[in-house]
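Enquirer: My structure is stored as coords_27.cif, with mmCIF, C-alpha atoms.
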data_work
#
loop_
_atom_site.group_PDB
_atom_site.id
_atom_site.type_symbol
_atom_site.label_atom_id
_atom_site.label_comp_id
_atom_site.auth_asym_id
_atom_site.auth_seq_id
_atom_site.Cartn_x
_atom_site.Cartn_y
_atom_site.Cartn_z
ATOM 1 C CA MET A 1 12.198 33.936 -6.545
ATOM 2 C CA ARG A 2 13.247 30.658 -8.144
ATOM 3 C CA ILE A 3 14.483 30.881 -11.731
ATOM 4 C CA ILE A 4 13.206 27.949 -13.797
ATOM 5 C CA ARG A 5 15.269 26.765 -16.755
ATOM 6 C CA VAL A 6 13.606 24.230 -19.011
ATOM 7 C CA CYS A 7 15.356 22.140 -21.634
ATOM 8 C CA GLY A 8 12.828 21.973 -24.459
ATOM 9 C CA CYS A 9 14.000 18.554 -25.651
ATOM 10 C CA CYS A 10 14.015 16.902 -22.228
ATOM 11 C CA PHE A 11 10.728 16.097 -20.526
ATOM 12 C CA ILE A 12 12.651 14.757 -17.522
ATOM 13 C CA CYS A 13 14.189 18.197 -16.964
ATOM 14 C CA PHE A 14 10.720 19.741 -17.186
ATOM 15 C CA LEU A 15 9.458 17.378 -14.477
ATOM 16 C CA ALA A 16 12.475 18.150 -12.349
ATOM 17 C CA CYS A 17 11.628 21.847 -12.263
ATOM 18 C CA LEU A 18 8.259 21.023 -10.765
ATOM 19 C CA PHE A 19 9.146 18.340 -8.278
ATOM 20 C CA LYS A 20 12.539 19.564 -7.092
ATOM 21 C CA LEU A 21 12.586 19.560 -3.319
ATOM 22 C CA LYS A 22 13.434 23.135 -2.411
ATOM 23 C CA GLY A 23 15.584 23.650 0.648
ATOM 24 C CA GLN A 24 17.221 20.241 0.560
ATOM 25 C CA THR A 25 20.022 20.045 3.050
ATOM 26 C CA ASP A 26 22.035 17.246 1.413
ATOM 27 C CA ASN A 27 22.528 15.722 -2.047
ATOM 28 C CA TYR A 28 19.553 13.357 -1.830
ATOM 29 C CA ARG A 29 17.025 14.050 -4.598
ATOM 30 C CA THR A 30 13.259 13.574 -4.719
ATOM 31 C CA LYS A 31 11.754 10.768 -6.811
ATOM 32 C CA ILE A 32 9.745 12.057 -9.785
ATOM 33 C CA ALA A 33 8.720 8.726 -11.306
ATOM 34 C CA GLU A 34 9.065 5.237 -9.896
ATOM 35 C CA PHE A 35 8.743 1.594 -10.869
ATOM 36 C CA SER A 36 9.132 -0.926 -8.045
ATOM 37 C CA TYR A 37 8.478 -4.587 -7.359
ATOM 38 C CA ARG A 38 8.396 -6.011 -3.835
ATOM 39 C CA VAL A 39 8.201 -9.659 -2.770
ATOM 40 C CA LEU A 40 7.230 -10.544 0.797
ATOM 41 C CA GLY A 41 7.960 -14.212 1.216
ATOM 42 C CA ASP A 42 7.130 -17.401 3.012
ATOM 43 C CA TYR A 43 4.902 -16.576 5.972
ATOM 44 C CA ARG A 44 1.957 -18.235 7.686
ATOM 45 C CA THR A 45 -1.434 -16.573 8.084
ATOM 46 C CA ILE A 46 -4.028 -17.668 10.669
ATOM 47 C CA SER A 47 -7.736 -16.783 10.586
ATOM 48 C CA ASN A 48 -10.285 -16.935 13.423
ATOM 49 C CA SER A 49 -13.999 -16.263 13.012
ATOM 50 C CA GLU A 50 -17.188 -17.273 14.828
ATOM 51 C CA ALA A 51 -19.194 -16.656 11.663
ATOM 52 C CA PHE A 52 -16.946 -18.265 9.035
ATOM 53 C CA GLY A 53 -14.735 -20.678 10.954
ATOM 54 C CA ASP A 54 -11.000 -20.958 11.574
ATOM 55 C CA ALA A 55 -8.236 -21.739 9.119
ATOM 56 C CA SER A 56 -4.530 -21.328 8.483
ATOM 57 C CA SER A 57 -2.340 -21.377 5.427
ATOM 58 C CA LYS A 58 1.088 -20.464 4.174
ATOM 59 C CA ILE A 59 1.804 -17.759 1.640
ATOM 60 C CA GLU A 60 4.798 -18.564 -0.534
ATOM 61 C CA HIS A 61 5.111 -14.951 -1.613
ATOM 62 C CA GLU A 62 3.081 -11.753 -1.663
ATOM 63 C CA SER A 63 4.013 -9.406 -4.502
ATOM 64 C CA LEU A 64 3.363 -5.692 -4.923
ATOM 65 C CA LEU A 65 3.998 -3.811 -8.163
ATOM 66 C CA LYS A 66 4.033 0.017 -8.018
ATOM 67 C CA LEU A 67 4.048 2.571 -10.843
ATOM 68 C CA LYS A 68 4.146 6.335 -10.168
ATOM 69 C CA LEU A 69 4.494 9.272 -12.563
ATOM 70 C CA GLY A 70 4.650 12.991 -11.807
ATOM 71 C CA ILE A 71 3.292 15.483 -14.364
ATOM 72 C CA PRO A 72 3.746 19.305 -14.224
ATOM 73 C CA ILE A 73 0.731 21.528 -14.850
ATOM 74 C CA VAL A 74 1.564 25.104 -13.741
ATOM 75 C CA MET A 75 4.881 26.769 -12.814
ATOM 76 C CA LYS A 76 4.887 30.433 -11.888
ATOM 77 C CA ASP A 77 7.457 32.247 -9.740
ATOM 78 C CA ASN A 78 7.091 30.843 -6.220
ATOM 79 C CA LYS A 79 4.074 28.634 -6.981
ATOM 80 C CA LEU A 80 4.045 25.038 -8.193
ATOM 81 C CA PHE A 81 1.172 22.793 -9.238
ATOM 82 C CA GLY A 82 1.274 19.275 -10.626
ATOM 83 C CA VAL A 83 -0.253 15.821 -10.444
ATOM 84 C CA GLN A 84 0.953 12.300 -9.803
ATOM 85 C CA LEU A 85 -0.609 9.214 -11.354
ATOM 86 C CA LYS A 86 -0.293 5.908 -9.527
ATOM 87 C CA TYR A 87 -1.083 2.271 -10.161
ATOM 88 C CA TYR A 88 -0.424 -0.589 -7.717
ATOM 89 C CA GLN A 89 -1.155 -4.292 -8.260
ATOM 90 C CA HIS A 90 -1.094 -6.728 -5.346
ATOM 91 C CA HIS A 91 -1.027 -10.555 -5.544
ATOM 92 C CA PHE A 92 -1.151 -13.289 -2.884
ATOM 93 C CA ASN A 93 0.374 -16.650 -3.850
ATOM 94 C CA PHE A 94 -0.426 -19.512 -1.460
ATOM 95 C CA ASP A 95 1.491 -22.721 -0.854
ATOM 96 C CA ASP A 96 -0.584 -25.465 -2.521
ATOM 97 C CA ASP A 97 0.469 -28.070 0.051
ATOM 98 C CA ASN A 98 -0.932 -25.986 2.931
ATOM 99 C CA PHE A 99 -3.963 -24.495 1.229
ATOM 100 C CA PRO A 100 -7.434 -24.995 2.844
ATOM 101 C CA GLY A 101 -9.527 -25.316 -0.283
ATOM 102 C CA ASN A 102 -12.841 -24.948 1.560
ATOM 103 C CA TYR A 103 -12.091 -21.532 3.097
ATOM 104 C CA ASP A 104 -13.712 -18.818 0.954
ATOM 105 C CA LEU A 105 -11.505 -15.905 2.022
ATOM 106 C CA TYR A 106 -8.277 -17.679 1.058
ATOM 107 C CA ASN A 107 -9.830 -18.898 -2.185
ATOM 108 C CA HIS A 108 -10.672 -15.305 -3.061
ATOM 109 C CA LEU A 109 -7.223 -13.968 -2.140
ATOM 110 C CA SER A 110 -5.411 -16.603 -4.175
ATOM 111 C CA GLY A 111 -7.435 -15.972 -7.317
ATOM 112 C CA GLN A 112 -7.503 -12.161 -7.465
ATOM 113 C CA ALA A 113 -5.337 -9.212 -8.398
ATOM 114 C CA PHE A 114 -5.966 -6.282 -6.052
ATOM 115 C CA SER A 115 -5.493 -2.789 -7.492
ATOM 116 C CA ASN A 116 -4.886 0.700 -6.198
ATOM 117 C CA VAL A 117 -5.452 3.267 -8.966
ATOM 118 C CA GLY A 118 -5.351 6.960 -8.205
ATOM 119 C CA ILE A 119 -4.342 10.539 -8.848
ATOM 120 C CA ARG A 120 -2.803 13.120 -6.527
ATOM 121 C CA ALA A 121 -2.510 16.878 -6.974
ATOM 122 C CA LEU A 122 0.219 19.019 -5.386
ATOM 123 C CA TYR A 123 0.187 22.763 -4.755
ATOM 124 C CA GLN A 124 3.281 24.329 -3.200
ATOM 125 C CA TYR A 125 3.818 27.976 -2.292
ATOM 126 C CA ASP A 126 7.102 29.558 -1.181
ATOM 127 C CA ILE A 127 6.297 32.126 1.475
ATOM 128 C CA ASP A 128 9.932 33.260 1.481
ATOM 129 C CA GLU A 129 13.385 31.677 1.251
ATOM 130 C CA ASN A 130 12.909 29.804 4.533
ATOM 131 C CA GLN A 131 9.193 28.977 4.603
ATOM 132 C CA GLU A 132 6.836 27.002 2.382
ATOM 133 C CA PHE A 133 3.299 25.695 2.415
ATOM 134 C CA SER A 134 2.093 22.629 0.529
ATOM 135 C CA LEU A 135 -1.317 21.128 -0.087
ATOM 136 C CA ILE A 136 -1.869 17.615 -1.453
ATOM 137 C CA GLY A 137 -5.213 16.097 -2.395
ATOM 138 C CA GLY A 138 -6.094 12.871 -4.097
ATOM 139 C CA ALA A 139 -8.593 10.194 -5.024
ATOM 140 C CA GLU A 140 -8.066 6.434 -5.310
ATOM 141 C CA ILE A 141 -9.829 3.160 -6.008
ATOM 142 C CA ARG A 142 -8.764 0.213 -3.835
ATOM 143 C CA SER A 143 -10.445 -3.017 -4.793
ATOM 144 C CA ASP A 144 -10.391 -6.346 -6.580
ATOM 145 C CA GLU A 145 -12.598 -4.700 -9.219
ATOM 146 C CA ILE A 146 -11.808 -1.294 -10.738
ATOM 147 C CA VAL A 147 -15.189 0.308 -10.174
ATOM 148 C CA VAL A 148 -16.060 3.563 -8.420
ATOM 149 C CA ASN A 149 -18.485 3.402 -5.505
ATOM 150 C CA LYS A 150 -18.577 4.139 -1.785
ATOM 151 C CA ASN A 151 -17.009 0.767 -0.965
ATOM 152 C CA THR A 152 -13.970 1.125 -3.245
ATOM 153 C CA ALA A 153 -13.124 4.849 -3.317
ATOM 154 C CA LYS A 154 -10.883 6.945 -1.090
ATOM 155 C CA VAL A 155 -10.343 10.721 -1.048
ATOM 156 C CA PHE A 156 -7.884 12.643 1.092
ATOM 157 C CA ILE A 157 -6.318 16.043 1.649
ATOM 158 C CA SER A 158 -3.123 16.973 3.463
ATOM 159 C CA GLY A 159 -1.638 20.354 4.310
ATOM 160 C CA GLN A 160 1.802 21.113 5.704
ATOM 161 C CA TYR A 161 3.872 24.162 6.656
ATOM 162 C CA LYS A 162 7.681 23.828 6.647
ATOM 163 C CA LYS A 163 10.299 26.205 7.969
ATOM 164 C CA ARG A 164 14.074 26.212 7.741
ATOM 165 C CA VAL A 165 15.402 26.778 11.251
ATOM 166 C CA ASN A 166 19.046 27.006 10.200
ATOM 167 C CA SER A 167 21.341 25.766 7.432
ATOM 168 C CA THR A 168 21.014 22.119 8.540
ATOM 169 C CA THR A 169 17.519 21.848 10.014
ATOM 170 C CA ARG A 170 13.940 22.019 8.739
ATOM 171 C CA ILE A 171 10.751 21.363 10.668
ATOM 172 C CA GLY A 172 7.159 21.049 9.517
ATOM 173 C CA PHE A 173 3.632 20.799 10.885
ATOM 174 C CA GLY A 174 0.447 19.688 9.190
ATOM 175 C CA ALA A 175 -2.524 17.339 9.159
ATOM 176 C CA VAL A 176 -4.186 14.677 7.003
ATOM 177 C CA PHE A 177 -7.907 14.076 6.505
ATOM 178 C CA SER A 178 -9.142 11.068 4.564
ATOM 179 C CA HIS A 179 -12.369 9.233 3.844
ATOM 180 C CA GLY A 180 -12.057 5.878 2.182
ATOM 181 C CA LEU A 181 -13.995 2.642 1.963
ATOM 182 C CA LEU A 182 -16.581 4.210 4.328
ATOM 183 C CA LEU A 183 -13.973 4.989 7.011
ATOM 184 C CA THR A 184 -12.952 8.515 8.064
ATOM 185 C CA SER A 185 -9.639 9.396 9.707
ATOM 186 C CA PHE A 186 -7.799 12.537 10.777
ATOM 187 C CA TYR A 187 -4.287 12.811 12.222
ATOM 188 C CA PRO A 188 -1.553 15.443 12.671
ATOM 189 C CA LEU A 189 1.806 15.449 10.880
ATOM 190 C CA PHE A 190 5.213 16.481 12.154
ATOM 191 C CA SER A 191 8.358 16.455 10.022
ATOM 192 C CA TYR A 192 11.956 16.995 11.067
ATOM 193 C CA GLU A 193 15.006 16.935 8.819
ATOM 194 C CA LYS A 194 18.465 17.346 10.310
ATOM 195 C CA VAL A 195 21.854 17.091 8.619
ATOM 196 C CA LEU A 196 23.960 15.616 11.404
ATOM 197 C CA ASN A 197 27.260 15.936 9.559
ATOM 198 C CA PRO A 198 28.448 15.906 5.913
ATOM 199 C CA TYR A 199 27.529 12.209 5.627
ATOM 200 C CA TRP A 200 24.499 11.500 7.834
ATOM 201 C CA THR A 201 20.940 12.912 7.670
ATOM 202 C CA LEU A 202 18.050 12.191 10.038
ATOM 203 C CA ASP A 203 14.610 12.428 8.407
ATOM 204 C CA MET A 204 11.382 11.967 10.370
ATOM 205 C CA THR A 205 7.782 12.157 9.173
ATOM 206 C CA LEU A 206 5.653 11.306 12.185
ATOM 207 C CA PRO A 207 3.596 9.232 12.760
ATOM 208 C CA LYS A 208 4.686 7.390 9.594
ATOM 209 C CA SER A 209 8.453 6.954 9.346
ATOM 210 C CA VAL A 210 11.929 7.586 10.746
ATOM 211 C CA SER A 211 15.032 7.192 8.602
ATOM 212 C CA LEU A 212 18.766 7.668 8.961
ATOM 213 C CA ARG A 213 20.495 8.211 5.625
ATOM 214 C CA ARG A 214 24.202 7.836 4.867
ATOM 215 C CA GLU A 215 25.696 9.540 1.828
ATOM 216 C CA ILE A 216 28.498 7.308 0.603
ATOM 217 C CA ASN A 217 29.093 9.746 -2.250
ATOM 218 C CA PRO A 218 26.775 11.975 -4.345
ATOM 219 C CA LYS A 219 25.876 8.928 -6.461
ATOM 220 C CA THR A 220 25.317 6.388 -3.683
ATOM 221 C CA PHE A 221 23.108 6.372 -0.570
ATOM 222 C CA PHE A 222 22.458 3.892 2.214
ATOM 223 C CA THR A 223 19.393 4.274 4.457
ATOM 224 C CA ALA A 224 18.111 2.536 7.585
ATOM 225 C CA GLU A 225 14.381 3.097 8.058
ATOM 226 C CA VAL A 226 11.397 2.184 10.210
ATOM 227 C CA GLU A 227 7.987 2.798 8.665
ATOM 228 C CA PHE A 228 4.355 2.155 9.524
ATOM 229 C CA GLU A 229 2.728 0.765 6.379
ATOM 230 C CA GLY A 230 -0.788 -0.394 5.656
ATOM 231 C CA TRP A 231 -3.315 -1.191 2.952
ATOM 232 C CA ARG A 232 -7.002 -1.982 2.583
ATOM 233 C CA TYR A 233 -9.078 -3.281 -0.293
ATOM 234 C CA ASN A 234 -12.699 -3.838 -1.064
ATOM 235 C CA LEU A 235 -13.432 -7.531 -1.643
ATOM 236 C CA THR A 236 -16.311 -8.361 -3.983
ATOM 237 C CA ASN A 237 -18.263 -11.610 -3.501
ATOM 238 C CA ALA A 238 -15.432 -13.020 -1.411
ATOM 239 C CA ILE A 239 -17.602 -15.302 0.747
ATOM 240 C CA ALA A 240 -20.377 -17.435 -0.687
ATOM 241 C CA GLY A 241 -23.856 -16.617 0.595
ATOM 242 C CA ALA A 242 -22.668 -13.516 2.493
ATOM 243 C CA ALA A 243 -22.708 -9.781 1.752
ATOM 244 C CA ARG A 244 -21.407 -8.609 -1.625
ATOM 245 C CA ASN A 245 -18.718 -6.267 -0.219
ATOM 246 C CA PHE A 246 -16.142 -6.659 2.539
ATOM 247 C CA THR A 247 -13.056 -4.669 3.543
ATOM 248 C CA LEU A 248 -9.722 -6.424 4.068
ATOM 249 C CA ARG A 249 -7.280 -4.301 6.047
ATOM 250 C CA LYS A 250 -3.659 -4.888 7.112
ATOM 251 C CA ALA A 251 -1.194 -2.701 9.013
ATOM 252 C CA ASP A 252 2.504 -3.544 9.475
ATOM 253 C CA LEU A 253 5.649 -2.158 11.005
ATOM 254 C CA GLU A 254 8.496 -2.428 8.516
ATOM 255 C CA PHE A 255 12.216 -2.353 9.264
ATOM 256 C CA ARG A 256 14.442 -1.958 6.227
ATOM 257 C CA VAL A 257 17.854 -1.081 4.899
ATOM 258 C CA LYS A 258 17.952 0.550 1.488
ATOM 259 C CA PHE A 259 20.742 0.925 -1.054
ATOM 260 C CA GLU A 260 20.332 3.477 -3.872
ATOM 261 C CA ARG A 261 22.755 4.041 -6.716
ATOM 262 C CA GLU A 262 22.873 6.343 -9.724
ATOM 263 C CA ILE A 263 22.794 4.754 -13.175
ATOM 264 C CA HIS A 264 22.935 8.009 -15.131
ATOM 265 C CA ASP A 265 22.316 11.369 -13.402
ATOM 266 C CA TRP A 266 18.486 11.381 -13.409
ATOM 267 C CA LEU A 267 18.059 7.550 -13.562
ATOM 268 C CA TRP A 268 18.661 5.538 -10.371
ATOM 269 C CA PHE A 269 18.014 2.078 -8.994
ATOM 270 C CA GLY A 270 17.437 0.854 -5.444
ATOM 271 C CA VAL A 271 17.355 -2.395 -3.482
ATOM 272 C CA ASP A 272 15.545 -2.761 -0.138
ATOM 273 C CA LEU A 273 15.986 -5.605 2.322
ATOM 274 C CA GLY A 274 13.292 -5.559 4.980
ATOM 275 C CA TYR A 275 11.551 -7.258 7.860
ATOM 276 C CA ASN A 276 7.774 -7.037 8.173
ATOM 277 C CA LYS A 277 5.984 -7.283 11.557
ATOM 278 C CA ASN A 278 2.189 -7.461 11.443
ATOM 279 C CA VAL A 279 0.299 -5.087 13.761
ATOM 280 C CA SER A 280 -3.320 -5.490 12.618
ATOM 281 C CA TYR A 281 -5.084 -7.666 10.027
ATOM 282 C CA TYR A 282 -8.807 -8.300 9.638
ATOM 283 C CA LEU A 283 -11.837 -8.657 7.380
ATOM 284 C CA SER A 284 -14.887 -6.511 8.172
ATOM 285 C CA ARG A 285 -18.015 -5.119 6.643
ATOM 286 C CA PRO A 286 -17.501 -1.745 4.893
ATOM 287 C CA GLY A 287 -17.192 1.093 7.404
ATOM 288 C CA GLN A 288 -16.295 -1.117 10.373
ATOM 289 C CA ARG A 289 -12.978 -1.337 12.213
ATOM 290 C CA GLY A 290 -10.985 -4.018 14.012
ATOM 291 C CA PRO A 291 -13.228 -4.472 17.081
ATOM 292 C CA ASP A 292 -16.120 -5.351 14.757
ATOM 293 C CA ALA A 293 -14.094 -7.679 12.525
ATOM 294 C CA LEU A 294 -15.815 -10.704 11.006
ATOM 295 C CA ILE A 295 -12.496 -12.532 10.608
ATOM 296 C CA ASP A 296 -9.405 -11.800 12.707
ATOM 297 C CA LEU A 297 -6.216 -12.630 10.860
ATOM 298 C CA ARG A 298 -2.651 -12.902 12.054
ATOM 299 C CA ALA A 299 0.323 -12.861 9.726
ATOM 300 C CA ARG A 300 3.647 -14.126 10.992
ATOM 301 C CA ASP A 301 6.771 -11.988 10.624
ATOM 302 C CA ALA A 302 8.336 -12.121 7.173
ATOM 303 C CA ARG A 303 11.315 -10.873 5.215
ATOM 304 C CA TYR A 304 11.058 -9.050 1.921
ATOM 305 C CA ILE A 305 13.110 -7.675 -0.937
ATOM 306 C CA LYS A 306 12.217 -4.746 -3.151
ATOM 307 C CA PHE A 307 13.729 -3.559 -6.435
ATOM 308 C CA THR A 308 13.178 0.009 -7.625
ATOM 309 C CA LEU A 309 13.990 1.948 -10.770
ATOM 310 C CA PHE A 310 13.303 5.672 -10.396
ATOM 311 C CA VAL A 311 13.763 9.109 -11.918
ATOM 312 C CA VAL A 312 15.104 12.102 -9.952
ATOM 313 C CA PRO A 313 15.743 15.746 -10.949
ATOM 314 C CA PRO A 314 18.959 16.073 -12.986
ATOM 315 C CA ARG A 315 21.801 17.284 -10.770
ATOM 316 C CA ARG A 316 22.000 20.722 -12.408
ATOM 317 C CA TYR A 317 18.376 21.449 -11.377
ATOM 318 C CA SER A 318 18.726 20.296 -7.770
ATOM 319 C CA ARG A 319 21.445 22.621 -6.577
#
Let's see the structure in the file written out as structure tokens.
Expert:
Amino acid sequence: MRIIRVCGCCFICFLACLFKLKGQTDNYRTKIAEFSYRVLGDYRTISNSEAFGDASSKIEHESLLKLKLGIPIVMKDNKLFGVQLKYYQHHFNFDDDNFPGNYDLYNHLSGQAFSNVGIRALYQYDIDENQEFSLIGGAEIRSDEIVVNKNTAKVFISGQYKKRVNSTTRIGFGAVFSHGLLLTSFYPLFSYEKVLNPYWTLDMTLPKSVSLRREINPKTFFTAEVEFEGWRYNLTNAIAGAARNFTLRKADLEFRVKFEREIHDWLWFGVDLGYNKNVSYYLSRPGQRGPDALIDLRARDARYIKFTLFVVPPRRYSR
């Protein structure tokens, strides 16, 4: 049974008790709250469509602001329950000298802020000292307008079982089900965490990411990571004379190196340098996928930089 100690004057400590990653095999601590800003810069995008014509343009920078906050609800013996609030804002800034002013899709992208607003709930149960089960569910709005309807909303649920194999290894199995913007998906999850030696840790969450983390010291970490990332938004009145709602979807493979450094125990900052390779990019009617795309888009490879300020459990609660 985990003994929870709460400092009545410190809300950060209270959050740490809820979101502490039990069974950690190194000194790396889970993020409780996060503020980040990413800039993907200077890449060309090309569009092909029988219905709406062809075009190309250059994006000077694409920015993504993320805010996340974890909030505890219930803590009892070997059970945890809490929620996470999230808000993302996405902007596309085109190069004026290469902008096709008569192409509706690009006009819409350049003049809009795209938002992802949502809430997630976490339930975690310790079966024993070596086994745990977690369940995560959530709801989001992904659109250029913050309204709730079948074209903008997404719901999902994920379950995972994790087991400590030995003092340096944990494995996990689970699955994710989601329904969002009229599309349904289901896929399995496999996680593997292995402390290779006192300095290096391999962390895999398949099919999403693989990372190799180097502990320089307990206050400094360096990580090399490959991650499959994607987003989709509902577009409202994006093309004149056409349907009211469309779905814009993009999937990328991201290669990054990440430096994270403690500012003061529970407060950290991070800098990511990355390389983005586009895998899929298209505009479709709601509920349709790539083969039925109305506009096929291609984004050239691009570099990015990301700055993060985040909160972790205080060191005394993560041992």
Enquirer: Pull out every residue that the PyMOL selection byres ((chain A and resi 195) around 8) matches in the shown coordinates and put them as a list of chain:residue names.
Expert: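 Those residues are A:Thr25, A:Asp26, A:Thr168, A:Thr169, A:Glu193, A:Lys194, A:Leu196, A:Asn197, A:Pro198, A:Trp200, A:Thr201, A:Leu202.
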Enquirer: Take the residues just selected and output them with C-alpha atoms as a short mmCIF file (atom, residue, chain, number, x, y, z; two decimals), in the frame of the given file.
Expert:
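Contents of selection36.cif, as written:
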data_model
loop_
_atom_site.label_atom_id
_atom_site.label_comp_id
_atom_site.auth_asym_id
_atom_site.auth_seq_id
_atom_site.Cartn_x
_atom_site.Cartn_y
_atom_site.Cartn_z
CA THR A 25 20.02 20.05 3.05
CA ASP A 26 22.04 17.25 1.41
CA THR A 168 21.01 22.12 8.54
CA THR A 169 17.52 21.85 10.01
CA GLU A 193 15.01 16.93 8.82
CA LYS A 194 18.46 17.35 10.31
CA LEU A 196 23.96 15.62 11.40
CA ASN A 197 27.26 15.94 9.56
CA PRO A 198 28.45 15.91 5.91
CA TRP A 200 24.50 11.50 7.83
CA THR A 201 20.94 12.91 7.67
CA LEU A 202 18.05 12.19 10.04
#
Enquirer: Within 6 Å of Ile171 in chain A, counting only C-alpha atoms, which residues show up once you throw out same-chain ones fewer than 2 positions away? Write them as an MDAnalysis selection string, please.
Expert: chainID A and resid 162:163 191:192
Enquirer: Store the residues of this selection in a file with C-alpha atoms, as a PDB file, keeping the file's coordinate frame.
Expert:
ATOM      1  CA  LYS A 162       7.681  23.828   6.647  1.00  0.00           C
ATOM      2  CA  LYS A 163      10.299  26.205   7.969  1.00  0.00           C
ATOM      3  CA  SER A 191       8.358  16.455  10.022  1.00  0.00           C
ATOM      4  CA  TYR A 192      11.956  16.995  11.067  1.00  0.00           C
TER       5      TYR A 192
END
Enquirer: Take the PyMOL selection byres ((chain A and resi 119-129) around 8), run it mentally on this structure, and tell me the resulting residues as a short mmCIF file (atom, residue, chain, number, x, y, z; two decimals) with C-alpha atoms, keeping the file's coordinate frame.
Expert:
data_model
loop_
_atom_site.label_atom_id
_atom_site.label_comp_id
_atom_site.auth_asym_id
_atom_site.auth_seq_id
_atom_site.Cartn_x
_atom_site.Cartn_y
_atom_site.Cartn_z
CA ASN A 78 7.09 30.84 -6.22
CA LYS A 79 4.07 28.63 -6.98
CA LEU A 80 4.04 25.04 -8.19
CA PHE A 81 1.17 22.79 -9.24
CA GLY A 82 1.27 19.27 -10.63
CA VAL A 83 -0.25 15.82 -10.44
CA GLN A 84 0.95 12.30 -9.80
CA LEU A 85 -0.61 9.21 -11.35
CA LYS A 86 -0.29 5.91 -9.53
CA VAL A 117 -5.45 3.27 -8.97
CA GLY A 118 -5.35 6.96 -8.20
CA ASN A 130 12.91 29.80 4.53
CA GLN A 131 9.19 28.98 4.60
CA GLU A 132 6.84 27.00 2.38
CA PHE A 133 3.30 25.70 2.42
CA SER A 134 2.09 22.63 0.53
CA LEU A 135 -1.32 21.13 -0.09
CA ILE A 136 -1.87 17.61 -1.45
CA GLY A 137 -5.21 16.10 -2.40
CA GLY A 138 -6.09 12.87 -4.10
CA ALA A 139 -8.59 10.19 -5.02
CA GLU A 140 -8.07 6.43 -5.31
#
Enquirer: Quick one: distance from CA of Val210 in chain A to CA of Val226 in chain A in Å, one decimal?
Expert: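 Separating CA of Val210 in chain A from CA of Val226 in chain A is a distance of 5.5 Å.
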Enquirer: Considering only C-alpha atoms, state which residue in the set A:Asn93, A:Ser115, A:Ser47, A:Ser284 is at the smallest distance from Arg300 in chain A.
Expert: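 Of A:Asn93, A:Ser115, A:Ser47, A:Ser284, the one nearest Arg300 in chain A is A:Ser47, counting only C-alpha atoms.
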Enquirer: List the residues selected by the PyMOL selection byres ((chain A and resi 173-190) around 6) in the file shown, writing them as a PyMOL selection string.
Expert: chain A and resi 151-161+172+191+205-206+287
Enquirer: Smallest atom-to-atom distance to Leu69 in chain A: which of A:Gly41, A:Asn166, A:Glu229, A:Glu34, using only C-alpha atoms?
Expert: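 Selected residue with least distance to Leu69 in chain A: A:Glu34.
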Enquirer: Using all atoms listed in the file, which residue out of A:Ala224, A:Val279, A:Leu105, A:Ala55 lies closest to Thr247 in chain A?
Expert: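 Smallest distance to Thr247 in chain A is found for A:Leu105.
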Enquirer: I need the residue nearest Leu235 in chain A from this list: A:Leu267, A:Val312, A:Ile59, A:Leu283. Use all atoms listed in the file for the distance.
Expert: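 Using all atoms listed in the file, Leu235 in chain A sits closest to A:Leu283.
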Enquirer: Find the spatial neighbours of Asn217 in chain A, counting all atoms listed in the file, within a cut-off of 10 Å - ignore same-chain residues fewer than 3 positions away - and output them as a PyMOL selection string.
Expert: chain A and resi 27+199+214+220-222+261
Enquirer: Would you mind telling me which residue in A:Asp95, A:Asn234, A:Leu67, A:Glu225 lies nearest to Ile146 in chain A when using all atoms listed in the file?
Expert: A:Asn234
Enquirer: Leaving out Asp42 in chain A and any residue of its chain fewer than 4 positions from it, which residues lie within 12 Å of it when counting all atoms listed in the file, given as a list in words?
Expert: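 Once the nearby chain positions are removed, what remains is Ser57, Lys58, Ile59, Glu60, His61, Glu62, Ser63, Phe92, Asn93, Phe94, Asp95, Asn98, Asn276, Ala299, Arg300, Asp301, Ala302, Arg303 and Tyr304 of chain A.
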Enquirer: If we count all atoms listed in the file and set the cut-off at 9 Å, which residues sit around Ala251 in chain A, ignoring sequence neighbours fewer than 6 positions away in its own chain? Please answer as a list in words.
Expert: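 Final neighbour list, sorted by chain and number: Phe228, Glu229, Gly230, Trp231, Arg232, Lys277, Asn278, Val279, Ser280 and Tyr281 of chain A.
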Enquirer: Can I get range 43-47 of chain A with N, CA, C and O atoms filled in, as a compact mmCIF listing (two decimals), keeping the file's coordinate frame?
Expert:
# COMPACT_ATOMS: atom_id res chain seq x y z
N TYR A 43 5.40 -16.79 4.62
CA TYR A 43 4.90 -16.58 5.97
C TYR A 43 3.54 -17.24 6.14
O TYR A 43 2.80 -17.44 5.18
N ARG A 44 3.22 -17.57 7.37
CA ARG A 44 1.96 -18.24 7.69
C ARG A 44 0.91 -17.21 8.10
O ARG A 44 1.23 -16.23 8.78
N THR A 45 -0.32 -17.42 7.68
CA THR A 45 -1.43 -16.57 8.08
C THR A 45 -2.49 -17.44 8.77
O THR A 45 -2.78 -18.56 8.31
N ILE A 46 -3.06 -16.94 9.85
CA ILE A 46 -4.03 -17.67 10.67
C ILE A 46 -5.30 -16.84 10.78
O ILE A 46 -5.24 -15.63 11.03
N SER A 47 -6.45 -17.47 10.57
CA SER A 47 -7.74 -16.78 10.59
C SER A 47 -8.65 -17.38 11.65
O SER A 47 -8.74 -18.61 11.77
